[in-house]
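Shown here: structure.cif, mmCIF, C-alpha atoms.
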data_coords
#
loop_
_atom_site.label_atom_id
_atom_site.label_comp_id
_atom_site.auth_asym_id
_atom_site.auth_seq_id
_atom_site.Cartn_x
_atom_site.Cartn_y
_atom_site.Cartn_z
CA MET K 1 -4.72 -142.02 -13.40
CA ASP K 2 -6.63 -143.05 -10.26
CA THR K 3 -9.76 -144.99 -11.19
CA CYS K 4 -11.50 -144.23 -7.91
CA ALA K 5 -10.86 -140.49 -8.27
CA CYS K 6 -12.13 -140.50 -11.86
CA ALA K 7 -15.30 -142.32 -10.83
CA LEU K 8 -15.92 -139.84 -8.00
CA GLU K 9 -15.33 -136.89 -10.33
CA LEU K 10 -17.72 -138.28 -12.94
CA LEU K 11 -20.38 -138.98 -10.30
CA GLY K 12 -19.92 -135.52 -8.83
CA MET K 13 -20.30 -133.79 -12.19
CA LEU K 14 -23.42 -135.79 -13.08
CA VAL K 15 -25.03 -134.91 -9.75
CA TYR K 16 -23.83 -131.31 -10.15
CA VAL K 17 -25.45 -130.82 -13.56
CA GLY K 18 -28.67 -132.57 -12.51
CA ALA K 19 -28.93 -130.46 -9.35
CA TRP K 20 -28.31 -127.25 -11.32
CA LEU K 21 -31.11 -128.14 -13.76
CA CYS K 22 -33.35 -128.87 -10.79
CA ALA K 23 -32.52 -125.44 -9.34
CA LEU K 24 -33.32 -123.86 -12.71
CA ALA K 25 -36.69 -125.59 -12.75
CA THR K 26 -37.34 -124.35 -9.21
CA THR K 27 -36.67 -120.78 -10.28
CA ILE K 28 -38.97 -120.98 -13.30
CA LEU K 29 -41.88 -122.95 -11.83
CA PRO K 30 -44.82 -120.90 -10.52
CA GLN K 31 -45.77 -123.49 -7.87
CA TRP K 32 -43.83 -122.00 -4.97
CA LEU K 33 -47.01 -121.55 -2.95
CA THR K 34 -50.50 -122.88 -3.67
CA MET K 35 -53.89 -121.91 -2.31
CA SER K 36 -57.33 -123.43 -2.75
CA THR K 37 -60.53 -122.00 -1.31
CA ALA K 38 -63.70 -123.70 -0.14
CA LEU K 39 -65.78 -120.98 -1.77
CA LEU K 40 -64.37 -121.78 -5.22
CA PRO K 41 -63.43 -125.47 -5.20
CA VAL K 42 -63.01 -125.52 -8.97
CA GLU K 43 -60.13 -123.03 -8.84
CA SER K 44 -56.75 -122.93 -7.12
CA TYR K 45 -54.07 -120.27 -7.10
CA GLU K 46 -50.32 -120.63 -7.50
CA LEU K 47 -47.64 -118.12 -6.59
CA GLY K 48 -44.19 -118.07 -8.18
CA LEU K 49 -41.20 -115.79 -8.40
CA TRP K 50 -42.13 -114.42 -11.80
CA GLU K 51 -45.89 -114.92 -12.19
CA THR K 52 -49.12 -115.99 -10.53
CA CYS K 53 -51.46 -118.59 -11.99
CA VAL K 54 -55.09 -119.63 -11.67
CA VAL K 55 -55.68 -123.35 -12.21
CA GLN K 56 -59.12 -124.57 -13.21
CA ALA K 57 -60.43 -127.93 -12.06
CA PHE K 58 -60.99 -129.10 -15.64
CA GLY K 59 -57.30 -128.60 -16.52
CA GLY K 60 -57.06 -125.02 -17.70
CA MET K 61 -54.38 -122.65 -16.42
CA GLU K 62 -53.99 -118.92 -16.82
CA CYS K 63 -50.79 -117.20 -15.68
CA ARG K 64 -49.97 -113.53 -15.43
CA ALA K 65 -46.57 -111.95 -14.84
CA TYR K 66 -46.09 -109.33 -12.18
CA ASP K 67 -46.80 -105.82 -13.41
CA SER K 68 -43.87 -104.04 -11.78
CA LEU K 69 -40.69 -104.96 -9.96
CA LEU K 70 -41.24 -102.16 -7.45
CA GLY K 71 -44.63 -103.58 -6.55
CA LEU K 72 -43.25 -106.91 -5.44
CA SER K 73 -42.97 -107.84 -1.80
CA ARG K 74 -39.57 -107.89 -0.14
CA ASP K 75 -39.75 -111.68 0.23
CA LEU K 76 -40.17 -112.28 -3.49
CA LYS K 77 -37.38 -109.84 -4.33
CA LEU K 78 -35.03 -111.61 -1.94
CA ALA K 79 -35.98 -115.02 -3.32
CA ARG K 80 -35.39 -113.84 -6.88
CA VAL K 81 -31.95 -112.45 -6.10
CA LEU K 82 -30.79 -115.51 -4.17
CA MET K 83 -32.05 -118.01 -6.75
CA CYS K 84 -30.39 -116.10 -9.60
CA ALA K 85 -27.20 -115.95 -7.54
CA ALA K 86 -27.40 -119.70 -6.89
CA LEU K 87 -27.76 -120.41 -10.61
CA SER K 88 -24.87 -118.09 -11.49
CA VAL K 89 -22.52 -119.53 -8.88
CA GLY K 90 -23.51 -123.07 -9.84
CA MET K 91 -22.84 -122.49 -13.54
CA LEU K 92 -19.49 -120.89 -12.70
CA GLY K 93 -18.61 -123.90 -10.58
CA ILE K 94 -19.42 -126.29 -13.43
CA LEU K 95 -17.30 -124.31 -15.89
CA VAL K 96 -14.40 -124.17 -13.43
CA ALA K 97 -14.56 -127.86 -12.46
CA ILE K 98 -14.67 -129.31 -16.00
CA PRO K 99 -11.05 -128.40 -16.97
CA GLY K 100 -9.84 -129.88 -13.67
CA LEU K 101 -11.24 -133.36 -14.28
CA ASN K 102 -8.81 -136.22 -14.82
CA LEU K 103 -10.87 -137.32 -17.82
CA VAL K 104 -10.04 -134.02 -19.54
CA HIS K 105 -6.55 -134.53 -21.02
CA SER K 106 -4.84 -131.21 -20.44
CA CYS K 107 -1.96 -129.88 -18.31
CA LYS K 108 -0.06 -133.15 -18.02
CA GLU K 109 2.95 -131.56 -16.29
CA ASP K 110 3.36 -131.60 -12.52
CA SER K 111 2.40 -127.92 -12.19
CA GLY K 112 -0.56 -128.55 -14.48
CA GLN K 113 -1.79 -131.37 -12.26
CA GLN K 114 -1.68 -129.04 -9.29
CA THR K 115 -3.70 -126.50 -11.29
CA LYS K 116 -6.28 -129.16 -12.21
CA ARG K 117 -6.59 -130.12 -8.55
CA ILE K 118 -7.19 -126.48 -7.57
CA LEU K 119 -9.82 -126.08 -10.31
CA THR K 120 -11.70 -129.20 -9.20
CA ILE K 121 -11.70 -128.18 -5.54
CA THR K 122 -12.77 -124.64 -6.45
CA GLY K 123 -15.64 -125.99 -8.53
CA GLY K 124 -16.74 -128.20 -5.64
CA VAL K 125 -16.67 -125.30 -3.19
CA LEU K 126 -18.70 -123.16 -5.59
CA GLY K 127 -21.21 -126.00 -5.85
CA MET K 128 -21.64 -126.07 -2.08
CA VAL K 129 -22.08 -122.30 -2.01
CA SER K 130 -24.69 -122.57 -4.75
CA GLY K 131 -26.57 -125.19 -2.76
CA VAL K 132 -26.66 -122.98 0.33
CA LEU K 133 -27.87 -120.02 -1.75
CA CYS K 134 -30.64 -122.24 -3.15
CA LEU K 135 -31.76 -123.54 0.23
CA ILE K 136 -32.06 -120.10 1.84
CA PRO K 137 -34.95 -118.66 -0.25
CA VAL K 138 -36.78 -121.99 -0.45
CA SER K 139 -36.65 -122.50 3.31
CA TYR K 140 -37.53 -118.87 3.98
CA MET K 141 -40.66 -118.99 1.81
CA ALA K 142 -41.68 -122.25 3.48
CA HIS K 143 -41.13 -120.62 6.88
CA LEU K 144 -43.40 -117.71 5.96
CA ALA K 145 -46.07 -120.11 4.72
CA VAL K 146 -46.01 -122.04 8.00
CA ILE K 147 -46.24 -118.85 10.08
CA ASN K 148 -49.17 -117.51 8.08
CA PHE K 149 -50.94 -120.87 8.03
CA PHE K 150 -50.98 -121.15 11.82
CA ASP K 151 -51.73 -117.49 12.46
CA ASP K 152 -54.52 -117.35 15.08
CA LYS K 153 -55.38 -113.77 14.17
CA LEU K 154 -56.86 -114.83 10.85
CA PRO K 155 -60.34 -116.38 10.73
CA ASP K 156 -60.63 -120.02 9.76
CA VAL K 157 -62.56 -119.16 6.61
CA VAL K 158 -59.67 -117.13 5.20
CA PRO K 159 -57.65 -119.21 2.70
CA ARG K 160 -53.97 -119.72 3.39
CA TRP K 161 -50.95 -120.43 1.23
CA GLU K 162 -49.45 -123.92 1.36
CA PHE K 163 -46.28 -125.56 0.07
CA GLY K 164 -46.00 -125.91 -3.69
CA HIS K 165 -44.05 -128.41 -5.78
CA ALA K 166 -41.29 -125.90 -6.48
CA LEU K 167 -40.30 -125.78 -2.81
CA PHE K 168 -39.68 -129.52 -2.68
CA CYS K 169 -37.78 -129.31 -5.97
CA GLY K 170 -35.66 -126.51 -4.52
CA TRP K 171 -34.82 -128.51 -1.39
CA VAL K 172 -33.70 -131.44 -3.52
CA ALA K 173 -31.62 -129.15 -5.74
CA GLY K 174 -29.91 -127.45 -2.79
CA PHE K 175 -28.96 -130.69 -1.03
CA LEU K 176 -27.74 -132.28 -4.29
CA LEU K 177 -25.56 -129.26 -5.06
CA ILE K 178 -23.91 -129.56 -1.65
CA VAL K 179 -23.45 -133.31 -2.12
CA ALA K 180 -21.94 -132.79 -5.59
CA GLY K 181 -19.49 -130.25 -4.21
CA LEU K 182 -18.43 -132.59 -1.43
CA ILE K 183 -17.90 -135.42 -3.92
CA LEU K 184 -15.65 -133.26 -6.12
CA VAL K 185 -13.59 -132.07 -3.16
CA SER K 186 -13.24 -135.60 -1.74
CA SER K 187 -12.21 -136.98 -5.15
CA ARG K 188 -9.17 -134.71 -5.19
CA SER K 189 -8.30 -135.38 -1.56
CA CYS K 190 -8.18 -139.10 -2.37
CA SER K 191 -5.84 -138.70 -5.35
CA GLN K 192 -3.46 -136.06 -4.02
CA VAL K 193 -1.17 -138.55 -2.26
CA GLU K 194 -0.51 -140.61 -5.38
CA PRO K 195 2.32 -138.57 -7.03
CA GLN K 196 4.52 -138.56 -3.88
CA PRO K 197 6.23 -141.95 -4.36
CA VAL K 198 7.25 -140.98 -7.90
CA LEU K 199 8.91 -137.81 -6.65
CA GLN K 200 10.65 -139.71 -3.87
CA ARG K 201 12.07 -142.21 -6.36
CA ARG K 202 13.34 -139.36 -8.54
CA TYR K 203 15.10 -137.74 -5.60
CA GLN K 204 16.55 -141.07 -4.56
CA VAL K 205 17.96 -141.66 -8.04
CA MET K 206 19.45 -138.15 -8.10
CA GLY K 207 20.94 -138.69 -4.64
CA THR K 208 22.58 -141.99 -5.56
CA GLY K 209 23.99 -140.41 -8.73
CA ALA K 210 25.53 -137.56 -6.73
CA ASN K 211 27.09 -139.98 -4.23
CA PHE K 212 28.55 -142.06 -7.03
CA ARG K 213 30.17 -138.94 -8.54
CA LYS K 214 31.72 -137.97 -5.22
CA ARG K 215 33.19 -141.45 -4.74
CA SER K 216 34.64 -141.48 -8.25
CA GLU K 217 36.32 -138.12 -7.62
CA TYR K 218 38.04 -139.37 -4.48
CA VAL K 219 39.33 -142.41 -6.32
#
As structure tokens, what does this structure read like?
Amino acid sequence: MDTCACALELLGMLVYVGAWLCALATTILPQWLTMSTALLPVESYELGLWETCVVQAFGGMECRAYDSLLGLSRDLKLARVLMCAALSVGMLGILVAIPGLNLVHSCKEDSGQQTKRILTITGGVLGMVSGVLCLIPVSYMAHLAVINFFDDKLPDVVPRWEFGHALFCGWVAGFLLIVAGLILVSSRSCSQVEPQPVLQRRYQVMGTGANFRKRSEYV
């Protein structure tokens, strides 16, 4: 068992699980966009994928879920779908990668080792896909916030949405998912050349045995 490959796999899985939990928190948190007005300095508003909240200056918070799915804007619908897809693909990648780890003692045959390698690489690729799916809605909502914030058509007194904590959490989750996938894929690429000398020795032993039989027959 390659110690370096095992360490990379363990590091990749830890980063993978932590990034997936971070993506889950991003999906649940209502602080995707925040807005505070000069007319009501004691209140601020927060916009999420599932609810909107009003935060009081003295610490109170009141949240309300959206009344209807059909009444949502196209941007929120797209963000919901992509974040749910990112979580689903990420969870599938975790479940696929776990049986392929070297620390999991299963499939000790040569064909089983090849299967474990395929499972680990597949889990890493799914992690990278999950990270891309997480970055798309987060970056898109941030892009819309920037466009609306610097819109010259709106008067200066009109409040504008700004970045919330969930956007930064989503960026971290997306990049960590991609990094975790790369670590898992690289761990298998480092350990794939190790079984070759063993096979070569086996073929060499078989070849010398065959030559010895031929010589004995001629004698």
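Applied to the file shown here, the PyMOL selection byres ((chain K and resi 89-93) around 7) selects the residues Trp20, Ala85, Ala86, Leu87, Ser88, Ile94, Leu95, Val96, Ala97, Gly123, Gly124, Leu126, Gly127 and Ser130 of chain K.
The spacing separating atom CA of Gly100 of chain K from atom CA of Arg117 of chain K amounts to 6.1 Å.
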Expected selection from the PyMOL selection byres ((chain K and resi 135-147) around 8), given as number ranges by chain: K: 33, 75, 78-79, 82-83, 131-134, 148-151, 161-163, 167, 170-171, 174-175
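Of note, atom CA of Gly18 of chain K and atom CA of Ala173 of chain K are spaced 8.1 Å apart.
Atom CA of Lys116 of chain K is positioned 6.8 Å from atom CA of Pro99 of chain K.
The nearest approach to Leu49 of chain K among the residues K:Thr34, K:Thr120, K:Ser187, K:Thr27, with only C-alpha atoms taken into account, belongs to K:Thr27.
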Residues within 9 Å of Trp50 of chain K, please, as a list in words. Count all atoms listed in the file; anything in the same chain fewer than 5 positions from it doesn't count. Thr27, Ile28, Leu29, Pro30, Arg64, Ala65, Tyr66, Leu76 and Arg80 of chain K
